[in-house]
>>> print(open('data.cif').read())   # mmCIF, C-alpha atoms
data_coords
#
loop_
_atom_site.group_PDB
_atom_site.id
_atom_site.type_symbol
_atom_site.label_atom_id
_atom_site.label_comp_id
_atom_site.auth_asym_id
_atom_site.auth_seq_id
_atom_site.Cartn_x
_atom_site.Cartn_y
_atom_site.Cartn_z
ATOM 1 C CA MET I 1 113.041 100.608 76.965
ATOM 2 C CA PRO I 2 115.535 103.480 77.373
ATOM 3 C CA GLU I 3 118.951 102.030 78.144
ATOM 4 C CA HIS I 4 119.909 104.551 80.834
ATOM 5 C CA LEU I 5 116.511 105.232 82.445
ATOM 6 C CA TRP I 6 116.439 104.598 86.203
ATOM 7 C CA SER I 7 113.509 104.967 88.583
ATOM 8 C CA LEU I 8 114.045 106.165 92.149
ATOM 9 C CA VAL I 9 111.152 105.117 94.396
ATOM 10 C CA LEU I 10 110.958 107.033 97.678
ATOM 11 C CA GLY I 11 109.530 104.916 100.454
ATOM 12 C CA SER I 12 111.173 106.472 103.505
ATOM 13 C CA GLY I 13 108.985 107.913 106.241
ATOM 14 C CA ASP I 14 109.692 111.615 105.775
ATOM 15 C CA VAL I 15 108.855 111.446 102.080
ATOM 16 C CA SER I 16 105.315 110.209 102.663
ATOM 17 C CA ARG I 17 103.030 111.962 105.108
ATOM 18 C CA ALA I 18 101.834 109.744 107.929
ATOM 19 C CA LEU I 19 98.201 108.998 108.596
ATOM 20 C CA ALA I 20 96.919 109.643 112.090
ATOM 21 C CA SER I 21 96.569 106.565 114.292
ATOM 22 C CA ASP I 22 98.030 104.359 111.590
ATOM 23 C CA ALA I 23 100.674 101.906 112.802
ATOM 24 C CA ALA I 24 102.098 101.316 109.322
ATOM 25 C CA PRO I 25 103.136 104.191 107.042
ATOM 26 C CA LYS I 26 100.445 104.665 104.437
ATOM 27 C CA GLN I 27 102.624 103.669 101.484
ATOM 28 C CA PHE I 28 102.995 100.137 102.915
ATOM 29 C CA ARG I 29 99.377 99.588 103.975
ATOM 30 C CA ARG I 30 97.455 96.843 102.214
ATOM 31 C CA LEU I 31 94.178 96.943 104.159
ATOM 32 C CA ASP I 32 92.249 94.005 102.682
ATOM 33 C CA THR I 33 93.862 94.157 99.228
ATOM 34 C CA ASP I 34 96.854 92.279 97.823
ATOM 35 C CA HIS I 35 98.937 95.332 96.993
ATOM 36 C CA SER I 36 100.101 98.557 98.616
ATOM 37 C CA LEU I 37 100.803 102.000 97.182
ATOM 38 C CA PHE I 38 104.506 101.194 97.520
ATOM 39 C CA GLU I 39 104.128 98.008 95.473
ATOM 40 C CA ALA I 40 102.057 99.835 92.860
ATOM 41 C CA THR I 41 104.816 102.459 92.589
ATOM 42 C CA LEU I 42 107.434 99.748 92.117
ATOM 43 C CA ALA I 43 105.327 98.250 89.321
ATOM 44 C CA ARG I 44 104.973 101.740 87.788
ATOM 45 C CA ALA I 45 108.740 102.136 87.881
ATOM 46 C CA ASP I 46 109.349 98.683 86.386
ATOM 47 C CA ALA I 47 107.052 99.575 83.472
ATOM 48 C CA LEU I 48 109.040 102.738 82.702
ATOM 49 C CA GLY I 49 112.425 101.018 82.444
ATOM 50 C CA ALA I 50 114.135 97.733 83.148
ATOM 51 C CA PRO I 51 113.205 96.391 86.625
ATOM 52 C CA GLU I 52 116.881 96.011 87.492
ATOM 53 C CA ARG I 53 117.119 99.803 87.242
ATOM 54 C CA THR I 54 114.420 100.443 89.847
ATOM 55 C CA VAL I 55 116.010 101.674 93.095
ATOM 56 C CA ALA I 56 114.029 101.966 96.349
ATOM 57 C CA VAL I 57 114.952 104.122 99.350
ATOM 58 C CA VAL I 58 113.473 102.978 102.676
ATOM 59 C CA THR I 59 114.245 103.255 106.388
ATOM 60 C CA SER I 60 115.383 100.479 108.709
ATOM 61 C CA GLY I 61 112.631 101.326 111.208
ATOM 62 C CA HIS I 62 110.022 100.321 108.623
ATOM 63 C CA MET I 63 111.657 97.017 107.728
ATOM 64 C CA ARG I 64 108.741 94.961 109.005
ATOM 65 C CA PHE I 65 106.511 96.750 106.501
ATOM 66 C CA TRP I 66 108.664 96.856 103.352
ATOM 67 C CA SER I 67 110.545 93.571 103.742
ATOM 68 C CA SER I 68 108.059 91.304 101.978
ATOM 69 C CA GLN I 69 107.191 94.005 99.454
ATOM 70 C CA LEU I 70 110.798 94.163 98.215
ATOM 71 C CA THR I 71 111.340 90.413 98.016
ATOM 72 C CA GLY I 72 113.116 89.512 94.807
ATOM 73 C CA ARG I 73 114.726 92.916 94.310
ATOM 74 C CA PRO I 74 118.511 93.085 93.770
ATOM 75 C CA PHE I 75 120.302 93.897 97.028
ATOM 76 C CA ASP I 76 122.142 96.850 95.497
ATOM 77 C CA ASN I 77 118.804 98.413 94.514
ATOM 78 C CA ILE I 78 117.587 98.706 98.108
ATOM 79 C CA ILE I 79 119.024 101.648 100.025
ATOM 80 C CA VAL I 80 118.179 101.579 103.701
ATOM 81 C CA GLN I 81 118.474 104.679 105.863
ATOM 82 C CA VAL I 82 119.073 104.019 109.546
ATOM 83 C CA ALA I 83 116.976 107.112 110.314
ATOM 84 C CA SER I 84 114.913 109.586 108.295
ATOM 85 C CA ARG I 85 116.458 113.026 108.132
ATOM 86 C CA GLY I 86 114.229 114.640 105.562
ATOM 87 C CA SER I 87 113.225 113.835 101.991
ATOM 88 C CA ALA I 88 116.359 115.362 100.442
ATOM 89 C CA VAL I 89 118.565 112.757 102.142
ATOM 90 C CA GLY I 90 116.764 109.857 100.489
ATOM 91 C CA VAL I 91 116.754 111.546 97.083
ATOM 92 C CA LEU I 92 120.483 112.301 97.137
ATOM 93 C CA LEU I 93 121.412 108.880 98.517
ATOM 94 C CA GLY I 94 119.539 107.269 95.634
ATOM 95 C CA LEU I 95 121.022 109.627 93.040
ATOM 96 C CA ASP I 96 124.564 108.974 94.240
ATOM 97 C CA ALA I 97 124.045 105.221 94.178
ATOM 98 C CA ILE I 98 122.683 105.420 90.617
ATOM 99 C CA LEU I 99 125.473 107.724 89.400
ATOM 100 C CA ALA I 100 128.086 105.346 90.792
ATOM 101 C CA ARG I 101 126.700 102.609 88.533
ATOM 102 C CA ASP I 102 125.632 104.649 85.502
ATOM 103 C CA PRO I 103 127.147 108.143 85.013
ATOM 104 C CA ASP I 104 124.863 108.681 81.988
ATOM 105 C CA ALA I 105 121.684 107.841 83.902
ATOM 106 C CA ASP I 106 118.343 109.537 83.423
ATOM 107 C CA VAL I 107 116.217 109.426 86.586
ATOM 108 C CA VAL I 108 112.491 109.438 87.285
ATOM 109 C CA LEU I 109 111.721 110.429 90.869
ATOM 110 C CA LEU I 110 108.611 108.623 92.145
ATOM 111 C CA PRO I 111 107.050 109.175 95.599
ATOM 112 C CA SER I 112 105.287 106.056 96.876
ATOM 113 C CA ASP I 113 102.200 107.644 98.457
ATOM 114 C CA GLN I 114 100.326 108.233 95.217
ATOM 115 C CA HIS I 115 97.700 106.486 93.118
ATOM 116 C CA VAL I 116 97.412 106.506 89.323
ATOM 117 C CA THR I 117 94.423 105.073 87.478
ATOM 118 C CA ASP I 118 95.674 105.309 83.886
ATOM 119 C CA GLU I 119 99.229 103.989 84.003
ATOM 120 C CA THR I 120 99.686 104.156 80.216
ATOM 121 C CA THR I 121 98.955 107.876 80.064
ATOM 122 C CA PHE I 122 101.182 108.499 83.070
ATOM 123 C CA ALA I 123 104.072 106.583 81.488
ATOM 124 C CA HIS I 124 103.643 108.547 78.255
ATOM 125 C CA ALA I 125 103.804 111.827 80.205
ATOM 126 C CA VAL I 126 107.001 110.709 81.944
ATOM 127 C CA ARG I 127 108.664 109.752 78.662
ATOM 128 C CA ARG I 128 107.613 113.052 77.115
ATOM 129 C CA ALA I 129 109.112 114.912 80.083
ATOM 130 C CA LEU I 130 112.281 112.847 79.772
ATOM 131 C CA LYS I 131 112.703 113.853 76.132
ATOM 132 C CA ALA I 132 112.087 117.506 77.020
ATOM 133 C CA SER I 133 114.573 117.377 79.894
ATOM 134 C CA ARG I 134 117.293 116.178 77.545
ATOM 135 C CA GLN I 135 116.569 118.897 74.995
ATOM 136 C CA ALA I 136 116.348 121.689 77.573
ATOM 137 C CA ARG I 137 119.145 120.276 79.754
ATOM 138 C CA CYS I 138 117.170 120.742 82.938
ATOM 139 C CA VAL I 139 115.092 118.871 85.479
ATOM 140 C CA VAL I 140 111.420 118.671 84.510
ATOM 141 C CA ALA I 141 108.607 118.510 87.079
ATOM 142 C CA LEU I 142 105.293 117.017 86.021
ATOM 143 C CA GLY I 143 102.270 119.129 86.884
ATOM 144 C CA VAL I 144 98.709 117.829 87.115
ATOM 145 C CA ILE I 145 95.949 120.102 85.900
ATOM 146 C CA PRO I 146 93.588 120.238 88.916
ATOM 147 C CA GLU I 147 89.896 119.437 88.789
ATOM 148 C CA GLY I 148 89.255 121.764 91.706
ATOM 149 C CA PRO I 149 90.864 123.661 94.595
ATOM 150 C CA ALA I 150 91.738 120.671 96.759
ATOM 151 C CA ALA I 151 93.405 121.467 100.074
ATOM 152 C CA ASP I 152 96.660 120.106 101.533
ATOM 153 C CA LEU I 153 98.350 119.572 98.166
ATOM 154 C CA ASP I 154 101.556 121.025 96.759
ATOM 155 C CA TRP I 155 101.357 123.422 93.809
ATOM 156 C CA ILE I 156 103.710 124.698 91.101
ATOM 157 C CA VAL I 157 103.196 128.244 89.821
ATOM 158 C CA PRO I 158 104.546 128.717 86.272
ATOM 159 C CA ALA I 159 106.454 131.918 85.562
ATOM 160 C CA ALA I 160 105.296 132.288 81.958
ATOM 161 C CA GLN I 161 103.420 130.582 79.163
ATOM 162 C CA PRO I 162 104.888 127.206 78.206
ATOM 163 C CA SER I 163 107.390 126.970 75.363
ATOM 164 C CA ARG I 164 107.479 123.558 73.660
ATOM 165 C CA GLY I 165 105.439 122.229 76.541
ATOM 166 C CA LEU I 166 107.787 123.566 79.232
ATOM 167 C CA ALA I 167 107.396 126.582 81.501
ATOM 168 C CA ARG I 168 109.732 128.204 83.974
ATOM 169 C CA VAL I 169 108.785 127.850 87.634
ATOM 170 C CA ALA I 170 107.981 130.971 89.643
ATOM 171 C CA ARG I 171 107.479 129.250 92.984
ATOM 172 C CA VAL I 172 106.398 126.071 94.736
ATOM 173 C CA VAL I 173 103.615 126.230 97.344
ATOM 174 C CA GLU I 174 103.437 123.386 99.844
ATOM 175 C CA ARG I 175 100.202 122.187 101.449
ATOM 176 C CA ALA I 176 98.029 125.029 100.209
ATOM 177 C CA SER I 177 94.652 125.592 101.863
ATOM 178 C CA ALA I 178 91.499 125.370 99.751
ATOM 179 C CA GLU I 179 91.263 129.173 99.685
ATOM 180 C CA GLU I 180 94.878 129.521 98.602
ATOM 181 C CA ALA I 181 94.384 126.770 96.031
ATOM 182 C CA ARG I 182 91.624 128.815 94.380
ATOM 183 C CA ARG I 183 94.020 131.744 94.019
ATOM 184 C CA LEU I 184 96.710 129.478 92.619
ATOM 185 C CA MET I 185 94.343 127.987 90.053
ATOM 186 C CA ALA I 186 93.516 131.506 88.868
ATOM 187 C CA LEU I 187 97.243 132.015 88.258
ATOM 188 C CA GLY I 188 97.399 128.882 86.123
ATOM 189 C CA ALA I 189 99.160 126.799 88.760
ATOM 190 C CA VAL I 190 99.237 123.022 88.572
ATOM 191 C CA VAL I 191 99.278 120.424 91.328
ATOM 192 C CA SER I 192 102.698 118.933 91.970
ATOM 193 C CA PRO I 193 102.787 115.123 92.180
ATOM 194 C CA GLU I 194 106.466 115.493 93.127
ATOM 195 C CA VAL I 195 107.386 113.446 90.067
ATOM 196 C CA LEU I 196 110.539 114.846 88.479
ATOM 197 C CA VAL I 197 112.542 113.688 85.475
ATOM 198 C CA GLY I 198 116.058 114.524 84.301
ATOM 199 C CA ARG I 199 119.658 113.515 83.985
ATOM 200 C CA ALA I 200 121.049 112.247 87.273
ATOM 201 C CA GLU I 201 123.869 114.777 87.034
ATOM 202 C CA ALA I 202 121.281 117.574 86.564
ATOM 203 C CA PHE I 203 119.520 116.478 89.760
ATOM 204 C CA HIS I 204 122.858 116.420 91.534
ATOM 205 C CA ALA I 205 123.570 119.949 90.302
ATOM 206 C CA LEU I 206 120.387 121.143 92.049
ATOM 207 C CA PHE I 207 121.775 119.881 95.338
ATOM 208 C CA GLU I 208 125.209 121.381 94.721
ATOM 209 C CA ALA I 209 123.678 124.797 94.028
ATOM 210 C CA ALA I 210 121.189 124.780 96.909
ATOM 211 C CA VAL I 211 122.930 122.905 99.739
ATOM 212 C CA PRO I 212 126.625 122.434 98.866
ATOM 213 C CA ALA I 213 127.857 121.400 102.330
ATOM 214 C CA PHE I 214 125.042 118.882 102.786
ATOM 215 C CA THR I 215 125.713 117.493 99.296
ATOM 216 C CA GLN I 216 129.383 116.997 100.083
ATOM 217 C CA ASP I 217 128.529 115.141 103.295
ATOM 218 C CA VAL I 218 126.134 112.744 101.560
ATOM 219 C CA ASP I 219 128.462 112.187 98.592
ATOM 220 C CA GLY I 220 131.249 111.225 100.984
ATOM 221 C CA LEU I 221 128.937 108.926 102.910
ATOM 222 C CA VAL I 222 127.865 107.014 99.814
ATOM 223 C CA ALA I 223 131.409 106.811 98.442
ATOM 224 C CA SER I 224 132.645 105.289 101.698
ATOM 225 C CA SER I 225 129.850 102.712 101.784
ATOM 226 C CA LEU I 226 130.091 101.345 98.245
ATOM 227 C CA SER I 227 132.134 98.404 99.508
ATOM 228 C CA ASN I 228 130.453 98.277 102.920
ATOM 229 C CA LEU I 229 126.765 97.466 102.750
ATOM 230 C CA TRP I 230 126.094 98.264 106.397
ATOM 231 C CA LEU I 231 127.125 101.700 107.621
ATOM 232 C CA ARG I 232 126.272 102.914 111.099
ATOM 233 C CA ASN I 233 124.379 106.086 111.864
ATOM 234 C CA ALA I 234 125.944 109.127 110.199
ATOM 235 C CA ASP I 235 125.769 112.689 111.441
ATOM 236 C CA LEU I 236 123.698 114.186 108.643
ATOM 237 C CA SER I 237 121.673 117.365 109.002
ATOM 238 C CA ARG I 238 117.970 117.349 108.167
ATOM 239 C CA CYS I 239 117.119 118.558 104.682
ATOM 240 C CA ASP I 240 113.821 118.716 102.782
ATOM 241 C CA PHE I 241 113.883 118.270 99.016
ATOM 242 C CA ALA I 242 110.996 120.634 98.160
ATOM 243 C CA SER I 243 111.820 123.556 100.448
ATOM 244 C CA ASP I 244 115.599 123.275 100.896
ATOM 245 C CA VAL I 245 116.649 122.093 97.430
ATOM 246 C CA LEU I 246 113.962 122.572 94.789
ATOM 247 C CA ALA I 247 112.761 125.986 95.970
ATOM 248 C CA ARG I 248 116.343 127.288 95.953
ATOM 249 C CA SER I 249 117.158 126.135 92.433
ATOM 250 C CA LEU I 250 114.030 126.926 90.412
ATOM 251 C CA ASP I 251 116.077 128.509 87.606
ATOM 252 C CA HIS I 252 117.197 124.994 86.700
ATOM 253 C CA VAL I 253 113.712 123.429 86.791
ATOM 254 C CA ARG I 254 110.881 123.500 84.257
ATOM 255 C CA VAL I 255 107.295 122.326 84.654
ATOM 256 C CA MET I 256 105.331 120.317 82.093
ATOM 257 C CA PRO I 257 101.564 119.810 82.449
ATOM 258 C CA ALA I 258 100.535 116.150 82.346
ATOM 259 C CA PRO I 259 97.290 114.966 80.703
ATOM 260 C CA PRO I 260 94.588 113.541 82.990
ATOM 261 C CA CYS I 261 95.683 110.130 84.229
ATOM 262 C CA GLY I 262 93.648 109.631 87.390
ATOM 263 C CA TRP I 263 96.453 110.828 89.642
ATOM 264 C CA SER I 264 95.801 111.408 93.319
ATOM 265 C CA THR I 265 97.897 111.688 96.445
ATOM 266 C CA VAL I 266 96.889 109.939 99.645
ATOM 267 C CA VAL I 267 96.367 112.295 102.587
ATOM 268 C CA THR I 268 93.586 110.738 104.657
ATOM 269 C CA GLN I 269 92.672 107.197 105.679
ATOM 270 C CA GLU I 270 89.683 107.327 103.320
ATOM 271 C CA HIS I 271 91.950 108.390 100.436
ATOM 272 C CA LEU I 272 94.096 105.362 101.190
ATOM 273 C CA ARG I 273 91.147 102.988 101.241
ATOM 274 C CA GLN I 274 89.788 104.367 97.948
ATOM 275 C CA ALA I 275 93.189 104.140 96.254
ATOM 276 C CA LEU I 276 93.887 100.581 97.369
ATOM 277 C CA HIS I 277 90.436 99.433 96.263
ATOM 278 C CA ALA I 278 90.987 100.923 92.802
ATOM 279 C CA PRO I 279 94.032 99.059 91.426
ATOM 280 C CA PRO I 280 96.025 100.936 88.778
ATOM 281 C CA THR I 281 95.236 99.969 85.200
ATOM 282 C CA ASP I 282 96.374 100.895 81.733
ATOM 283 C CA ARG I 283 94.104 102.055 78.911
ATOM 284 C CA LYS I 284 93.195 98.468 78.099
ATOM 285 C CA GLY I 285 92.053 97.921 81.652
ATOM 286 C CA LYS I 286 94.949 95.657 82.522
ATOM 287 C CA ARG I 287 96.616 95.928 85.888
ATOM 288 C CA PRO I 288 100.439 95.903 85.864
ATOM 289 C CA ARG I 289 102.144 93.041 87.608
ATOM 290 C CA VAL I 290 103.370 93.761 91.117
ATOM 291 C CA GLY I 291 106.416 92.179 92.663
ATOM 292 C CA THR I 292 107.366 89.955 89.720
ATOM 293 C CA LEU I 293 111.058 90.827 89.448
ATOM 294 C CA GLN I 294 113.083 87.629 89.389
ATOM 295 C CA GLY I 295 116.170 87.174 91.520
ATOM 296 C CA VAL I 296 117.361 86.190 94.950
ATOM 297 C CA ALA I 297 114.944 87.107 97.731
ATOM 298 C CA VAL I 298 116.022 89.749 100.224
ATOM 299 C CA ALA I 299 117.230 87.997 103.367
ATOM 300 C CA LEU I 300 115.662 90.172 106.022
ATOM 301 C CA THR I 301 116.951 88.116 108.916
ATOM 302 C CA ALA I 302 120.565 88.735 107.936
ATOM 303 C CA ARG I 303 123.017 89.489 110.697
ATOM 304 C CA PRO I 304 124.912 92.827 110.549
ATOM 305 C CA GLU I 305 128.079 91.080 109.351
ATOM 306 C CA GLU I 306 126.071 89.423 106.557
ATOM 307 C CA PRO I 307 124.108 92.304 105.036
ATOM 308 C CA ARG I 308 121.467 91.916 102.410
ATOM 309 C CA ALA I 309 120.685 95.571 101.676
ATOM 310 C CA ARG I 310 122.705 98.745 101.637
ATOM 311 C CA VAL I 311 122.321 100.847 104.765
ATOM 312 C CA VAL I 312 123.892 104.226 104.202
ATOM 313 C CA ALA I 313 122.467 106.772 106.614
#
>>> encode(input="data.cif", output="structure tokens")
Amino acid sequence: MPEHLWSLVLGSGDVSRALASDAAPKQFRRLDTDHSLFEATLARADALGAPERTVAVVTSGHMRFWSSQLTGRPFDNIIVQVASRGSAVGVLLGLDAILARDPDADVVLLPSDQHVTDETTFAHAVRRALKASRQARCVVALGVIPEGPAADLDWIVPAAQPSRGLARVARVVERASAEEARRLMALGAVVSPEVLVGRAEAFHALFEAAVPAFTQDVDGLVASSLSNLWLRNADLSRCDFASDVLARSLDHVRVMPAPPCGWSTVVTQEHLRQALHAPPTDRKGKRPRVGTLQGVAVALTARPEEPRARVVA
């Protein structure tokens, strides 16, 4: 496994779209199965690199949902936001925490509201994107070649024909309608699974270029909390990773099409039920282990003066 490869799993509320009339955020739902999308994403991350380099970002308000699903994870690998203030906050908090421990880190950004059928093919695509990101010195976004003009998905429009598997990004379209998706497909656009790969410092540079004041605020927050696992609510502005950061720094991002791997994002309750009843497998039909990381269990009943997870925003 790559020595400096870290996975950043986004499980906070603003990162994953909520399902109507659903008490638990969709990434934590188990229905009548023994795993959730969040747990499947953790297993996906563990398979890409060493499990001790899998970092999860969650919110304190969802503790009753993620507590048991993070049992056994190192305390320093669980970053708890007191409140969600947009997807960019969770991404940057995780990046800063990783950079503080490994300045040479490569990072795979993994949303937790997605389902993958062929985990082996997906992992191969991530490693291929990682190699390309090092060579091109940029952040690489995976793009899924669509089977049809599905609505309510995010799309990446390439600016030109790929070179060595990479293409510049012309624009990112969020939650396109079915009619707009047809037009995007005609332009050669690919669906964005919001999976990005690159050096941690390259990710950080995106933030510095797009939202410098916000970046400085978050950097200071993380630096001040490295020796203080519980930090009270901070006055951070809301910031969205796709629209406020990625869309403003497309010159530093490339897109790489991924081969078919059974990827899907969960938007509706039926999508969730279908995904959870189709456990992820590799090409040999084996399902990756979920929640097998050894270590001390997360003490979720800890008092504020005896923290068991880092709360930074």
>>> resolve_selection(input="data.cif", expression="the PyMOL selection byres ((chain I and resi 27) around 7)", output="number ranges by chain")
I: 25-26, 28-29, 36-38, 112-113
>>> atom_distance(input="data.cif", atom1="CA of Ser7 in chain I", atom2="CA of Val55 in chain I")
6.1 Å
>>> residues_near_point(input="data.cif", point="(104.1, 119.0, 84.5)", cutoff="8 Å", atoms="all atoms listed in the file", output="ChimeraX atom specification")
/I:129,140-144,166,190,192,255-258
>>> atom_distance(input="data.cif", atom1="CA of Val172 in chain I", atom2="CA of Ser237 in chain I")
22.6 Å
>>> closest_residue(input="data.cif", among="I:Phe65, I:Phe122, I:Phe203, I:Phe75", to="Val253 in chain I", atoms="all atoms listed in the file")
I:Phe203
>>> atom_distance(input="data.cif", atom1="CA of Arg30 in chain I", atom2="CA of Gln69 in chain I")
10.5 Å
>>> closest_residue(input="data.cif", among="I:Val57, I:Leu48, I:Val126, I:Leu221", to="Val91 in chain I", atoms="all atoms listed in the file")
I:Val57
>>> decode(input="data.cif", residues="range 56-141 of chain I", atoms="C-alpha atoms", output="short mmCIF file (atom, residue, chain, number, x, y, z; two decimals), in the first residue's frame")
data_model
loop_
_atom_site.label_atom_id
_atom_site.label_comp_id
_atom_site.auth_asym_id
_atom_site.auth_seq_id
_atom_site.Cartn_x
_atom_site.Cartn_y
_atom_site.Cartn_z
CA ALA I 56 -13.67 10.55 8.97
CA VAL I 57 -15.37 13.94 9.31
CA VAL I 58 -18.75 13.88 11.07
CA THR I 59 -20.97 16.24 13.05
CA SER I 60 -21.76 16.08 16.76
CA GLY I 61 -25.50 16.28 16.06
CA HIS I 62 -25.31 12.91 14.29
CA MET I 63 -23.37 11.17 17.04
CA ARG I 64 -26.17 8.72 17.78
CA PHE I 65 -25.93 7.51 14.19
CA TRP I 66 -22.16 7.32 13.59
CA SER I 67 -21.00 6.33 17.08
CA SER I 68 -21.26 2.56 16.69
CA GLN I 69 -20.14 2.73 13.06
CA LEU I 70 -16.80 4.29 14.06
CA THR I 71 -16.08 1.95 16.96
CA GLY I 72 -12.47 0.84 16.89
CA ARG I 73 -11.21 3.83 14.92
CA PRO I 74 -8.26 5.83 16.33
CA PHE I 75 -9.49 8.91 18.19
CA ASP I 76 -7.28 11.24 16.15
CA ASN I 77 -8.90 9.97 12.94
CA ILE I 78 -12.38 11.16 13.91
CA ILE I 79 -12.98 14.87 13.38
CA VAL I 80 -16.25 16.07 14.83
CA GLN I 81 -17.81 19.35 13.77
CA VAL I 82 -20.08 20.96 16.34
CA ALA I 83 -22.23 22.25 13.46
CA SER I 84 -22.27 21.82 9.68
CA ARG I 85 -21.29 24.96 7.82
CA GLY I 86 -20.99 23.60 4.32
CA SER I 87 -19.00 20.81 2.68
CA ALA I 88 -15.83 22.89 2.30
CA VAL I 89 -15.45 23.16 6.08
CA GLY I 90 -15.29 19.40 6.54
CA VAL I 91 -12.88 18.95 3.63
CA LEU I 92 -10.45 21.59 4.88
CA LEU I 93 -10.65 20.43 8.49
CA GLY I 94 -9.71 16.93 7.37
CA LEU I 95 -6.92 18.16 5.08
CA ASP I 96 -5.38 20.27 7.83
CA ALA I 97 -5.48 17.40 10.29
CA ILE I 98 -3.79 15.10 7.76
CA LEU I 99 -1.14 17.67 6.80
CA ALA I 100 -0.27 18.18 10.46
CA ARG I 101 0.61 14.48 10.70
CA ASP I 102 2.00 13.84 7.21
CA PRO I 103 3.20 16.85 5.14
CA ASP I 104 3.85 14.51 2.18
CA ALA I 105 0.34 13.04 2.22
CA ASP I 106 -1.65 12.09 -0.84
CA VAL I 107 -5.41 12.29 -0.22
CA VAL I 108 -8.44 10.53 -1.66
CA LEU I 109 -11.65 12.44 -0.99
CA LEU I 110 -14.59 10.06 -0.53
CA PRO I 111 -18.22 11.17 0.02
CA SER I 112 -20.18 8.65 2.09
CA ASP I 113 -23.51 8.73 0.24
CA GLN I 114 -22.42 6.56 -2.67
CA HIS I 115 -22.56 2.90 -3.67
CA VAL I 116 -19.96 0.98 -5.68
CA THR I 117 -20.55 -2.55 -6.96
CA ASP I 118 -17.07 -3.36 -8.30
CA GLU I 119 -14.69 -2.20 -5.59
CA THR I 120 -11.60 -3.60 -7.35
CA THR I 121 -12.18 -1.55 -10.49
CA PHE I 122 -12.93 1.54 -8.41
CA ALA I 123 -9.71 1.12 -6.41
CA HIS I 124 -7.72 0.71 -9.64
CA ALA I 125 -9.23 3.94 -11.00
CA VAL I 126 -8.29 5.80 -7.81
CA ARG I 127 -4.70 4.55 -7.93
CA ARG I 128 -4.45 5.48 -11.60
CA ALA I 129 -5.72 8.98 -10.79
CA LEU I 130 -3.24 9.21 -7.93
CA LYS I 131 -0.33 8.43 -10.25
CA ALA I 132 -1.60 10.99 -12.77
CA SER I 133 -2.03 13.65 -10.09
CA ARG I 134 1.60 13.27 -9.07
CA GLN I 135 2.84 13.51 -12.65
CA ALA I 136 0.65 16.49 -13.54
CA ARG I 137 1.01 18.13 -10.11
CA CYS I 138 -2.69 18.82 -9.82
CA VAL I 139 -5.86 17.57 -8.20
CA VAL I 140 -7.62 14.91 -10.27
CA ALA I 141 -11.40 14.41 -10.23
#
